[in-house]
Amino acid sequence: MLENDTKTLTGQVVAITGASSGIGQAVAYEAARQGATLILLARSVDKLTVLSQDVTLLSGAPAYVVPVDVGSREAIDDAVAAIQDKVERVDVLLNAAGFGDFESVTGTDWATVKQLFAVDVLGLMYFSRKIAGMMIDAHYGHIFNVGSMAGKLPTPKSAYYSAAKAAVIQFSNVLRLELKPFGILVTTINPGPVATNFFSIADKTGQYLDNVAAFTIDPGDLAKKIVRTIGRPRREINVPGIMAVASVLYPLAPTIGDQIVLLFGNRK
């Protein structure tokens with residue numbers, strides 16, 4: 001890809017889970033502006049159909065709709081088979097499907113915990129595994145996994161979500177090592193609060209985004225960072241900067257870190 005190309009992703013196939021909203025949708029628009037061919041994956045066919053029409057106008061390239069429930073291994077198998085029917089390869093995979101739930105450890109319904117790990121962790125792992133197999137054959141590719149600052153910094157009412165995202169981060173670290181000999185890159189995206197509909201499910205109070213307005217990230221800005229990183233050997237994208245610094249300092253002084261979190265980070 002040439003740096004001075006206005007369509008730097010022309011000819012590249014980008015598959016996005018969770019494409020119907022949030023970070024996934026924002027990256028779909030940004031990748032389309034760069035000319036990418038898109039594979040749009042989510043449960044909502046109606047939303048994906050509208051998105052596919054929009055991004056095709058931007059990219060001038062195909063945008064394929066593939067419905068999938070990332071919480072189901074069988075559904076992922078069917079989705080990957082559909083992808084293979086539509087394109088010869090996948091150059092980029094963004095695992096952006098997921099949800100959160102802000103509740104205490106003892107107050108969270110156990111069915112929600114199991115679904116959280118099925119989607120945010122096991123689904124991401126299985127999709128990565130399936131697409132990595134395709135990329136290994138091509139000796140080329142880039143996998144982006146959406147983790148979270150919650151996987152690096154503990155805050156009350158996010159124990160299960162934090163545990164899930166910590167698993168994503170560590171899985172991605174090992175995946176990066178295993179796929180490096182095949183020329184495949186792996187990048188973990190660890191954002192703080194992003195202004196998306198994620199919080200309409202996670203935050204039952206409806207006040208969290210207002211409480212953390214100083215740290216909130218615009219999904220379009222994050223999408224630009226992600227797309228600019230395609231093809232570049234970057235381990236992680238950690239935003240916002242103040243939380244990235246805090247995530248480095250916390251393991252060095254966890255006792256002090258806990259005190260600071262209880263004073264300033266308990267905003268759910």
# chains A, B, ... in the order shown; residues from 1 in each chain; ligands from 1
$ closest_atom_pairs --of "range 41-137 of chain A" --to "range 156-163 of chain A" --cutoff "8 Å" --atoms "only C-alpha atoms" --output "CSV"
residue,atom,partner,partner_atom,distance
A:Gly100,CA,A:Tyr161,CA,5.9
A:Asp101,CA,A:Tyr161,CA,6.9
A:Phe102,CA,A:Lys157,CA,5.0
A:Glu103,CA,A:Lys157,CA,4.6
A:Ser104,CA,A:Lys157,CA,4.5
A:Val105,CA,A:Ala159,CA,6.3
A:Val113,CA,A:Tyr160,CA,6.7
A:Leu116,CA,A:Tyr161,CA,7.4
$ residues_around --residues "range 37-52 of chain A" --least-positions-apart "2" --cutoff "9 Å" --atoms "only C-alpha atoms" --output "PyMOL selection string"
chain A and resi 9-21+24-25+28-29+31-32+35+54-57+59-70+79+83+90+97
$ residues_around --residues "Phe182 in chain A" --least-positions-apart "4" --cutoff "12 Å" --atoms "only C-alpha atoms" --output "number ranges by chain"
A: 132-142, 175-178, 186
$ atom_distance --atom1 "CA of Val119 in chain A" --atom2 "CA of Gly220 in chain A"
23.6 Å
$ closest_residue --among "A:Phe171, A:Phe99, A:Trp110, A:Phe117" --to "Arg129 in chain A" --atoms "only C-alpha atoms"
A:Phe171
$ select_by_dssp --residues "range 24-251 of chain A" --states "strand (DSSP E or B)" --output "ChimeraX atom specification"
/A:37-42,63-67,92-95,141-146,184-191,194,217,236-239
$ closest_residue --among "A:Asn95, A:Gln115, A:Ser172, A:Asn238" --to "Leu153 in chain A" --atoms "only C-alpha atoms"
A:Asn238
$ closest_residue --among "A:Val245, A:Met149, A:Ile189, A:Met125" --to "Val174 in chain A" --atoms "only C-alpha atoms"
A:Met125
$ atom_distance --atom1 "CA of Lys224 in chain A" --atom2 "CA of Leu124 in chain A"
21.9 Å
$ closest_residue --among "A:Ser72, A:Thr216, A:Ser247, A:Asn190" --to "Arg235 in chain A" --atoms "only C-alpha atoms"
A:Asn190
$ select_by_dssp --residues "range 153-193 of chain A" --states "helix (DSSP H, G or I)" --output "list in words"
Ala159, Tyr160, Tyr161, Ser162, Ala163, Ala164, Lys165, Ala166, Ala167, Val168, Ile169, Gln170, Phe171, Ser172, Asn173, Val174, Leu175, Arg176, Leu177, Glu178, Leu179, Lys180, Pro181 and Phe182 of chain A
